[in-house]
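Trainee: Supplied structure: entry23.txt, compact mmCIF, C-alpha atoms and all ligand atoms.
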# COMPACT_ATOMS: atom_id res chain seq x y z
CA MET A 1 -8.40 25.98 -10.84
CA ALA A 2 -9.75 23.79 -8.04
CA LYS A 3 -11.64 21.58 -10.44
CA MET A 4 -8.78 21.24 -12.91
CA ALA A 5 -8.69 17.44 -13.21
CA ALA A 6 -12.44 16.87 -12.97
CA SER A 7 -13.13 19.47 -15.68
CA LEU A 8 -11.37 17.20 -18.19
CA VAL A 9 -14.15 14.69 -17.94
CA GLU A 10 -17.18 14.58 -20.19
CA SER A 11 -20.34 12.85 -19.04
CA GLY A 12 -20.56 9.11 -19.67
CA GLU A 13 -16.87 8.49 -20.28
CA ASP A 14 -14.42 6.57 -18.14
CA ALA A 15 -13.68 9.49 -15.86
CA PHE A 16 -11.38 7.46 -13.66
CA ARG A 17 -9.14 6.52 -16.55
CA LYS A 18 -8.96 10.08 -17.79
CA ILE A 19 -7.95 11.43 -14.38
CA PHE A 20 -5.51 8.55 -13.88
CA LYS A 21 -3.79 9.56 -17.12
CA PHE A 22 -3.84 13.22 -16.09
CA TYR A 23 -1.90 12.51 -12.87
CA ARG A 24 0.41 10.00 -14.52
CA ARG A 25 1.49 12.43 -17.25
CA ARG A 26 5.18 13.31 -17.22
CA ASN A 27 5.38 16.01 -19.83
CA PRO A 28 4.12 18.56 -19.06
CA PRO A 29 3.66 17.56 -15.40
CA PRO A 30 0.09 17.85 -14.13
CA ASP A 31 -1.29 20.53 -11.86
CA PHE A 32 -1.40 19.03 -8.35
CA SER A 33 -3.49 21.81 -6.81
CA ASP A 34 -6.61 19.60 -6.51
CA VAL A 35 -4.81 16.89 -4.55
CA ILE A 36 -6.00 16.73 -0.93
CA ASP A 37 -3.16 16.79 1.59
CA PHE A 38 -4.38 15.44 4.93
CA SER A 39 -1.05 16.33 6.58
CA LYS A 40 -2.28 19.93 6.34
CA GLY A 41 -5.45 19.04 8.31
CA ALA A 42 -8.95 19.82 7.01
CA ALA A 43 -7.55 21.97 4.21
CA SER A 44 -10.34 21.12 1.76
CA ASP A 45 -14.08 21.55 2.26
CA LYS A 46 -14.42 17.82 1.47
CA VAL A 47 -12.33 16.86 4.52
CA VAL A 48 -14.02 16.41 7.90
CA PRO A 49 -12.59 15.13 11.20
CA ALA A 50 -13.36 11.43 11.72
CA LYS A 51 -14.60 10.03 15.02
CA LEU A 52 -12.44 7.26 16.44
CA ASP A 53 -12.91 5.07 19.51
CA PRO A 54 -9.94 5.91 21.79
CA ALA A 55 -11.31 3.61 24.52
CA ALA A 56 -10.89 0.59 22.22
CA VAL A 57 -7.08 0.74 22.40
CA SER A 58 -5.11 1.57 25.55
CA ASP A 59 -2.08 3.83 25.25
CA ALA A 60 0.13 0.85 26.15
CA GLU A 61 -1.42 -1.35 23.43
CA ALA A 62 -0.96 1.43 20.90
CA ALA A 63 2.66 2.01 21.93
CA ARG A 64 3.43 -1.71 21.70
CA ALA A 65 2.53 -1.55 18.02
CA GLY A 66 4.55 1.65 17.59
CA LEU A 67 1.50 3.94 17.57
CA GLN A 68 0.72 7.21 19.36
CA PRO A 69 -2.21 7.26 21.82
CA VAL A 70 -5.41 7.12 19.76
CA ARG A 71 -6.65 10.44 21.17
CA ASP A 72 -3.67 12.11 19.44
CA TRP A 73 -4.34 10.61 16.00
CA ARG A 74 -5.38 13.06 13.30
CA ALA A 75 -8.16 11.16 11.56
CA PHE A 76 -10.29 12.41 8.70
CA SER A 77 -13.23 11.38 6.57
CA LEU A 78 -14.08 12.55 3.09
CA GLN A 79 -17.48 13.91 2.24
CA GLY A 80 -19.21 11.57 -0.20
CA TYR A 81 -17.18 8.54 0.93
CA PRO A 82 -18.86 7.02 4.00
CA GLY A 83 -16.61 4.45 5.68
CA PHE A 84 -13.39 5.97 4.36
CA ILE A 85 -10.98 6.96 7.17
CA PHE A 86 -7.58 8.58 6.68
CA ILE A 87 -5.17 8.77 9.62
CA SER A 88 -2.29 11.14 9.08
CA ASN A 89 0.83 9.30 10.35
CA PRO A 90 -0.24 7.92 13.75
CA PHE A 91 3.16 6.27 14.32
CA LEU A 92 5.39 7.10 17.28
CA LEU A 93 8.53 8.91 16.27
CA GLY A 94 11.14 6.27 15.52
CA SER A 95 8.78 3.34 14.93
CA GLN A 96 8.36 3.64 11.16
CA PRO A 97 11.93 2.42 10.54
CA PHE A 98 10.98 -0.87 12.21
CA TRP A 99 8.00 -1.36 9.90
CA VAL A 100 10.09 -0.41 6.86
CA ARG A 101 12.71 -2.97 7.90
CA GLN A 102 9.99 -5.63 8.24
CA CYS A 103 8.72 -4.82 4.74
CA LEU A 104 12.18 -4.98 3.18
CA LYS A 105 14.02 -7.60 5.23
CA THR A 106 11.51 -9.87 6.98
CA TYR A 107 8.26 -10.13 5.01
CA PRO A 108 9.90 -10.97 1.66
CA GLN A 109 11.41 -14.08 3.30
CA LYS A 110 10.02 -17.57 2.72
CA PRO A 111 7.43 -18.93 3.21
CA ASN A 112 5.94 -15.66 1.98
CA VAL A 113 5.54 -15.32 -1.78
CA CYS A 114 6.92 -12.58 -4.04
CA ASN A 115 7.04 -11.65 -7.73
CA LEU A 116 10.64 -12.93 -8.01
CA ASP A 117 9.40 -16.46 -7.24
CA MET A 118 7.54 -16.40 -10.57
CA HIS A 119 10.75 -16.62 -12.59
CA MET A 120 13.53 -17.52 -10.15
CA SER A 121 14.34 -20.69 -8.23
CA PRO A 122 13.67 -20.92 -4.47
CA SER A 123 17.41 -20.85 -3.73
CA GLU A 124 17.81 -17.64 -5.73
CA THR A 125 15.03 -15.87 -3.81
CA GLU A 126 15.95 -17.36 -0.43
CA ASP A 127 17.73 -14.31 0.95
CA ILE A 128 16.64 -11.22 -0.96
CA TRP A 129 17.88 -8.86 1.75
CA GLY A 130 21.27 -10.56 2.19
CA LYS A 131 21.83 -10.65 -1.55
CA SER A 132 20.95 -6.94 -1.92
CA ILE A 133 22.63 -5.13 0.93
CA HIS A 134 26.02 -4.90 -0.68
CA GLY A 135 24.63 -3.35 -3.86
CA LEU A 136 22.38 -0.99 -1.90
CA SER A 137 25.17 0.11 0.42
CA CYS A 138 27.60 0.95 -2.39
CA PRO A 139 28.14 4.66 -2.88
CA LEU A 140 26.98 5.85 -6.28
CA SER A 141 29.66 5.40 -8.89
CA GLY A 142 29.44 6.80 -12.39
CA LYS A 143 28.84 3.28 -13.71
CA ARG A 144 25.35 1.83 -14.01
CA GLN A 145 25.07 -0.95 -11.41
CA PRO A 146 22.90 -4.05 -11.95
CA LYS A 147 19.65 -3.87 -9.99
CA THR A 148 19.62 -5.68 -6.64
CA LEU A 149 16.88 -8.22 -5.89
CA LEU A 150 15.36 -5.72 -3.47
CA GLU A 151 15.12 -3.19 -6.28
CA LYS A 152 13.40 -5.83 -8.43
CA LEU A 153 10.88 -6.67 -5.74
CA ARG A 154 7.36 -5.61 -6.78
CA TRP A 155 5.02 -7.48 -4.48
CA VAL A 156 4.95 -9.87 -1.56
CA THR A 157 1.89 -11.75 -0.31
CA LEU A 158 1.27 -12.85 3.29
CA GLY A 159 -1.19 -15.20 4.98
CA TYR A 160 -3.69 -16.40 2.39
CA HIS A 161 -1.55 -15.78 -0.68
CA TYR A 162 -3.38 -13.87 -3.35
CA ASN A 163 -3.39 -15.67 -6.69
CA TRP A 164 -2.95 -12.99 -9.38
CA ASP A 165 -4.11 -15.32 -12.18
CA THR A 166 -7.37 -16.53 -10.69
CA LYS A 167 -7.79 -13.43 -8.50
CA THR A 168 -8.67 -15.63 -5.56
CA TYR A 169 -7.42 -16.74 -2.18
CA SER A 170 -7.61 -20.39 -1.22
CA ALA A 171 -7.43 -22.53 1.91
CA ASN A 172 -4.52 -24.54 0.59
CA HIS A 173 -2.18 -21.65 -0.08
CA TYR A 174 -1.77 -20.20 3.37
CA THR A 175 1.24 -19.51 5.59
CA PRO A 176 1.06 -17.89 9.04
CA PHE A 177 0.32 -14.18 8.93
CA PRO A 178 3.10 -12.14 10.65
CA ALA A 179 2.17 -11.66 14.33
CA ASP A 180 3.58 -8.11 14.53
CA LEU A 181 1.60 -6.86 11.53
CA HIS A 182 -1.48 -8.62 12.90
CA GLN A 183 -1.06 -6.71 16.18
CA LEU A 184 -0.69 -3.39 14.40
CA SER A 185 -3.75 -4.07 12.23
CA VAL A 186 -5.89 -5.12 15.18
CA GLN A 187 -5.12 -1.89 17.08
CA ILE A 188 -5.78 0.42 14.13
CA THR A 189 -9.00 -1.27 13.05
CA ALA A 190 -10.30 -1.41 16.66
CA ALA A 191 -9.71 2.34 17.04
CA CYS A 192 -11.66 2.85 13.81
CA GLY A 193 -14.68 0.94 15.14
CA PHE A 194 -13.89 -2.60 13.96
CA PRO A 195 -13.13 -4.74 17.02
CA GLY A 196 -12.15 -8.36 16.36
CA PHE A 197 -10.50 -7.75 12.98
CA ASN A 198 -8.56 -10.80 11.86
CA ALA A 199 -5.61 -10.00 9.60
CA GLU A 200 -5.57 -12.99 7.25
CA ALA A 201 -3.99 -11.75 4.03
CA GLY A 202 -1.54 -9.03 3.11
CA ILE A 203 -0.26 -7.61 -0.14
CA LEU A 204 2.86 -5.48 -0.10
CA ASN A 205 3.45 -3.33 -3.16
CA TYR A 206 6.91 -1.91 -3.79
CA TYR A 207 6.98 1.23 -5.93
CA ARG A 208 9.95 2.86 -7.63
CA SER A 209 9.71 6.54 -8.57
CA ASP A 210 8.16 5.72 -11.98
CA SER A 211 5.71 3.08 -10.78
CA SER A 212 1.94 3.16 -10.77
CA LEU A 213 -0.87 0.87 -9.74
CA GLY A 214 -3.80 0.46 -12.10
CA ILE A 215 -7.48 1.04 -11.46
CA HIS A 216 -9.07 -1.76 -9.47
CA VAL A 217 -11.49 -2.82 -6.75
CA ASP A 218 -10.40 -5.19 -3.98
CA GLU A 219 -13.25 -7.61 -3.80
CA SER A 220 -11.59 -11.02 -3.65
CA GLU A 221 -12.13 -11.24 0.09
CA LEU A 222 -15.24 -13.21 1.01
CA ASP A 223 -16.36 -10.88 3.79
CA HIS A 224 -16.71 -7.26 2.68
CA SER A 225 -18.08 -6.13 6.03
CA ARG A 226 -14.50 -6.09 7.31
CA PRO A 227 -12.33 -3.10 6.36
CA LEU A 228 -9.37 -2.94 4.02
CA LEU A 229 -6.39 -1.44 5.83
CA SER A 230 -3.57 0.35 4.02
CA LEU A 231 -0.20 1.51 5.42
CA SER A 232 2.33 3.56 3.45
CA PHE A 233 6.04 4.08 4.00
CA GLY A 234 8.78 5.96 2.16
CA GLN A 235 8.11 8.33 -0.72
CA SER A 236 4.65 9.85 -1.19
CA ALA A 237 1.96 8.83 -3.66
CA ILE A 238 -1.04 10.31 -5.38
CA PHE A 239 -3.93 8.01 -4.52
CA LEU A 240 -7.19 8.18 -6.50
CA LEU A 241 -10.40 7.20 -4.75
CA GLY A 242 -13.29 6.71 -7.12
CA GLY A 243 -16.83 5.44 -6.95
CA THR A 244 -18.58 2.20 -7.77
CA HIS A 245 -18.47 3.02 -11.50
CA ARG A 246 -15.63 3.98 -13.75
CA GLN A 247 -17.66 7.03 -14.82
CA ASP A 248 -17.41 8.46 -11.29
CA PRO A 249 -14.55 11.00 -11.21
CA PRO A 250 -12.10 10.06 -8.45
CA THR A 251 -10.81 12.30 -5.68
CA ALA A 252 -7.01 12.68 -5.58
CA LEU A 253 -5.15 12.59 -2.27
CA TYR A 254 -1.56 12.44 -1.09
CA MET A 255 -0.35 9.48 0.92
CA HIS A 256 2.80 10.27 2.82
CA SER A 257 5.04 8.01 4.86
CA GLY A 258 3.26 6.67 7.93
CA ASP A 259 -0.23 7.49 6.62
CA VAL A 260 -2.93 4.92 7.24
CA MET A 261 -6.14 4.47 5.30
CA LEU A 262 -9.18 2.38 5.98
CA MET A 263 -11.79 1.53 3.35
CA SER A 264 -14.92 0.18 4.97
CA GLY A 265 -18.72 0.18 4.65
CA GLN A 266 -19.84 1.93 1.48
CA SER A 267 -16.22 2.75 0.65
CA ARG A 268 -14.97 -0.84 0.89
CA LEU A 269 -15.59 -1.67 -2.76
CA LEU A 270 -14.69 1.55 -4.51
CA TYR A 271 -12.38 1.84 -7.50
CA HIS A 272 -8.95 3.12 -6.58
CA ALA A 273 -5.47 3.46 -8.07
CA VAL A 274 -2.04 5.01 -7.63
CA PRO A 275 -1.11 6.91 -10.80
CA ARG A 276 2.08 8.47 -9.49
CA ILE A 277 4.81 8.38 -6.88
CA VAL A 278 5.94 11.84 -5.78
CA PRO A 279 8.87 12.91 -3.62
CA ALA A 280 8.10 13.20 0.09
CA PRO A 281 7.57 16.89 0.82
CA GLN A 282 10.45 18.88 2.29
CA GLY A 283 9.95 19.66 5.94
CA HIS A 284 7.41 16.86 6.31
CA THR A 285 8.05 14.79 9.48
CA SER A 286 10.63 12.85 7.63
CA LEU A 287 11.09 9.15 8.02
CA GLU A 288 14.62 9.65 6.76
CA MET A 289 15.46 11.62 9.88
CA GLU A 290 13.88 9.19 12.32
CA GLY A 291 16.68 6.65 11.95
CA CYS A 292 17.24 4.44 14.93
CA SER A 293 15.77 6.83 17.49
CA LEU A 294 13.19 4.52 19.02
CA ALA A 295 14.82 3.43 22.27
CA SER A 296 13.17 5.96 24.60
CA SER A 297 9.60 5.02 23.67
CA LEU A 298 10.01 1.22 23.58
CA GLN A 299 7.45 -0.65 25.73
CA ASP A 300 7.63 -4.03 27.42
CA ASN A 301 6.16 -6.70 25.11
CA SER A 302 6.45 -4.28 22.22
CA VAL A 303 6.23 -5.86 18.78
CA VAL A 304 8.33 -2.93 17.57
CA GLU A 305 12.03 -3.14 18.23
CA GLN A 306 15.05 -0.95 17.71
CA ILE A 307 16.64 -1.66 14.36
CA SER A 308 20.39 -1.76 13.86
CA GLU A 309 22.26 1.07 12.21
CA GLN A 310 23.35 -1.29 9.43
CA ASP A 311 19.75 -2.26 8.67
CA TRP A 312 18.68 1.38 8.77
CA ALA A 313 21.45 2.36 6.35
CA VAL A 314 19.99 -0.05 3.77
CA CYS A 315 16.35 0.85 4.47
CA SER A 316 16.94 4.58 4.31
CA LYS A 317 18.82 4.26 1.03
CA TYR A 318 15.96 2.22 -0.42
CA ILE A 319 13.16 4.56 0.64
CA GLN A 320 14.97 7.64 -0.63
CA SER A 321 13.55 6.72 -4.02
CA SER A 322 10.84 4.16 -3.25
CA ARG A 323 7.51 3.63 -1.57
CA VAL A 324 6.13 0.54 0.13
CA ASN A 325 2.42 0.04 0.66
CA VAL A 326 0.94 -2.73 2.77
CA THR A 327 -2.72 -3.67 2.50
CA VAL A 328 -4.13 -5.95 5.17
CA ARG A 329 -7.34 -7.86 4.62
CA GLN A 330 -9.65 -10.16 6.51
CA VAL A 331 -10.67 -12.74 3.93
CA LEU A 332 -13.27 -14.81 5.78
CA GLY A 333 -16.08 -13.70 8.06
CA PRO A 334 -16.65 -15.45 11.40
CA GLY A 335 -17.49 -19.11 10.73
CA GLN A 336 -17.03 -18.68 7.00
CA SER A 337 -14.93 -21.04 4.87
CA PHE A 338 -13.79 -21.13 1.26
CA PRO A 339 -16.27 -22.54 -1.25
CA GLU A 340 -15.35 -25.78 -3.04
CA THR A 341 -14.80 -24.00 -6.34
CA ALA A 342 -13.50 -20.51 -6.06
CA SER A 343 -15.36 -17.95 -8.11
CA TYR A 344 -14.72 -14.85 -6.06
CA HIS A 345 -12.37 -12.37 -7.67
CA GLN A 346 -10.94 -8.92 -7.89
CA ARG A 347 -13.19 -6.95 -10.18
CA THR A 348 -11.90 -5.82 -13.53
CA ASP A 349 -14.70 -4.68 -15.74
CA ALA A 350 -14.50 -6.46 -19.09
CA GLY A 351 -12.04 -4.77 -21.39
CA GLN A 352 -11.07 -2.25 -18.79
CA THR A 353 -7.96 -1.76 -16.78
CA ASP A 354 -6.44 -3.49 -13.81
CA GLY A 355 -2.74 -2.87 -14.11
CA TYR A 356 -0.17 -3.42 -11.48
CA HIS A 357 3.27 -1.89 -11.63
CA ASP A 358 4.52 -0.59 -14.91
CA ARG A 359 7.96 -2.10 -14.98
CA PRO A 360 9.33 -4.51 -17.52
CA ALA A 361 9.79 -7.17 -14.81
CA ASP A 362 6.04 -7.29 -14.38
CA ARG A 363 4.89 -7.14 -17.93
CA LYS A 364 4.86 -10.87 -18.51
CA MET A 365 2.95 -11.36 -15.32
CA LYS A 366 0.41 -8.73 -16.24
CA ARG A 367 -0.33 -10.51 -19.53
CA SER A 368 -0.71 -13.83 -17.79
CA ARG A 369 -3.20 -12.15 -15.47
CA SER A 370 -5.11 -11.21 -18.63
CA CYS A 371 -5.46 -7.63 -17.59
CA ASP A 372 -5.25 -4.74 -19.98
CA SER A 373 -3.21 -2.37 -17.91
CA VAL A 374 -3.31 1.40 -17.89
CA ASP A 375 0.44 1.19 -17.64
CA ASN A 376 0.80 -0.80 -20.84
CA ASP A 377 -1.30 1.34 -23.06
CA GLU A 378 0.21 4.51 -21.68
CA THR A 379 3.73 3.68 -22.70
C1 LIG A 401 -3.73 -1.18 -3.30
O1 LIG A 401 -4.75 -0.64 -3.67
O2 LIG A 401 -3.65 -2.41 -3.30
C2 LIG A 401 -2.52 -0.38 -2.85
C3 LIG A 401 -2.71 1.09 -2.91
C4 LIG A 401 -1.49 1.88 -2.51
O3 LIG A 401 -0.38 1.53 -2.90
O4 LIG A 401 -1.65 2.90 -1.82
Show me this structure written as structure tokens.
Ligand code: SIN
Mentor:
Amino acid sequence: MAKMAASLVESGEDAFRKIFKFYRRRNPPPDFSDVIDFSKGAASDKVVPAKLDPAAVSDAEAARAGLQPVRDWRAFSLQGYPGFIFISNPFLLGSQPFWVRQCLKTYPQKPNVCNLDMHMSPSETEDIWGKSIHGLSCPLSGKRQPKTLLEKLRWVTLGYHYNWDTKTYSANHYTPFPADLHQLSVQITAACGFPGFNAEAGILNYYRSDSSLGIHVDESELDHSRPLLSLSFGQSAIFLLGGTHRQDPPTALYMHSGDVMLMSGQSRLLYHAVPRIVPAPQGHTSLEMEGCSLASSLQDNSVVEQISEQDWAVCSKYIQSSRVNVTVRQVLGPGQSFPETASYHQRTDAGQTDGYHDRPADRKMKRSRSCDSVDNDET
């Protein structure tokens, strides 16, 4: 039973693709018994406690970013994946709603870039939140409502804006990286042994319950000695972590709300994907119940602030069926600058897959990115 997904794979074939399809299958639904759940601790023999550096981040610094003291974080490594660190929800109770609000209300604002900008005018995408809150606050009626802009949001880029066509970043498409997210990233990466991390680019992915993210490697950044940081909020996901080749069968793990992942060292350039969004488990420390309960743990100079009940009403409605993932990247090493002609890119092996979300709104974009997506050929 334990090797259910891996046993599907024959030697030499694209094992990642096969296991991606296995977990993406709707009918019959797959067996999830191989999926590692870090919220249950070291429940698999592949999971080992990870060593952090609690001295690198004071309790006050952690709290200012909405994080528990580092000594209380439950951090894990995975055997066979050196440099991979998984931290099971290190957020202080009540601070996730702030980060969700930033992802839904603040970061999609100009000058940041989002998928809606590709086919809508700047005035139409000026106030995605404001234009969506009425629709999202409406109680469900029998009638099918048109989708709000927030529900059509698929990605937002921050800092050095990732160019999906050329798969590059460039010096001349940069807007200031959000200071609060920079703070959060600096504390987490320092605790994981990477002092001096500079958050320069961010990609937010917005997933509906039927979304997936195709198999890819994040290698567009010029300095791969710096980690890739990932933060997840809302519904859970199955995340597949593979090897350096598509023939390497990936390991499946759950990412729940508040979970943090770091890919560094030998794990920085591994294939990965999200084949499926799954409901947050019942009884799990639920973001939905955290609401606006932050006040008691707020620090002076905190980047995290109490969010209003009105904002929380919209955020909680959204995340009841959605997931938001934020990846934060340092693009340039110390003293490094962009080359004259950009030739660095996100790897997509010729003829293989690199699909982003599988919704009609993104199909045109996927073609223009000349990627043959798992999502497309699955449907
Ligand atoms: C990514 O690989 O860019 C995002 C993965 C995730 O959504 O967890």
Trainee: Name the residues, by chain letter and number, that sit within 9 Å of ligand LIG 401 (chain A) using all atoms listed in the file, and give them as JSON, numbers by chain.
Mentor: {"A": [203, 204, 205, 206, 207, 212, 213, 214, 215, 216, 217, 218, 230, 231, 232, 237, 238, 239, 240, 255, 261, 271, 272, 273, 274, 323, 324, 325, 326, 327, 356]}
Trainee: Identify which of the residues A:Ser170, A:Ser95, A:Gln310, A:Gln247 lies closest to Leu136 (chain A), counting only C-alpha atoms when measuring atom-to-atom distances.
Mentor: A:Gln310
Trainee: Using all atoms listed in the file, which residue out of A:Arg71, A:Arg101, A:Lys131, A:Arg268 lies closest to Phe233 (chain A)?
Mentor: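 Smallest distance to Phe233 (chain A) is found for A:Arg101.
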Trainee: Hey, which of A:Ser33, A:Val48, A:Ile133, A:Phe84 ends up closest to Ala313 (chain A)? Count only C-alpha atoms.
Mentor: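 Using only C-alpha atoms, Ala313 (chain A) sits closest to A:Ile133.
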Trainee: Mind giving me the straight-line distance from CA of Tyr254 (chain A) to CA of Ser88 (chain A) in Å, one decimal?
Mentor: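 CA of Ser88 (chain A) lies 10.3 Å from CA of Tyr254 (chain A).
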Trainee: Excluding Leu116 (chain A) and any residue of its chain fewer than 5 positions from it, enumerate the residues within 8 Å of it, using all atoms listed in the file, and give them as a ChimeraX atom specification.
Mentor: /A:125,152-153
Trainee: Report, in Å to a single decimal, how far apart CA of Val278 (chain A) and CA of Ser236 (chain A) are.
Mentor: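 These atoms are spaced 5.2 Å apart.
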Trainee: Just give me the gap between CA of Glu221 (chain A) and CA of Arg246 (chain A) in Å, one decimal is fine.
Mentor: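 Separation of CA of Glu221 (chain A) and CA of Arg246 (chain A): 20.9 Å.
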Trainee: With all atoms listed in the file as the atoms that count, which of A:Ser58, A:Gln102, A:Ser257, A:Ser123 lies nearest to Pro90 (chain A)?
Mentor: A:Ser257
Trainee: Nearest to Glu151 (chain A) among A:Arg208, A:Arg64, A:His134, A:His256, with distances taken over all atoms listed in the file: which residue is it?
Mentor: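 When distances to Glu151 (chain A) are compared using all atoms listed in the file, the smallest one comes from A:Arg208.
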Trainee: Considering all atoms listed in the file, can you say which of A:Met263, A:Ala55, A:Leu158, A:Ala171 comes closest to Leu228 (chain A)?
Mentor: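 Nearest candidate to Leu228 (chain A) out of A:Met263, A:Ala55, A:Leu158, A:Ala171: A:Met263.
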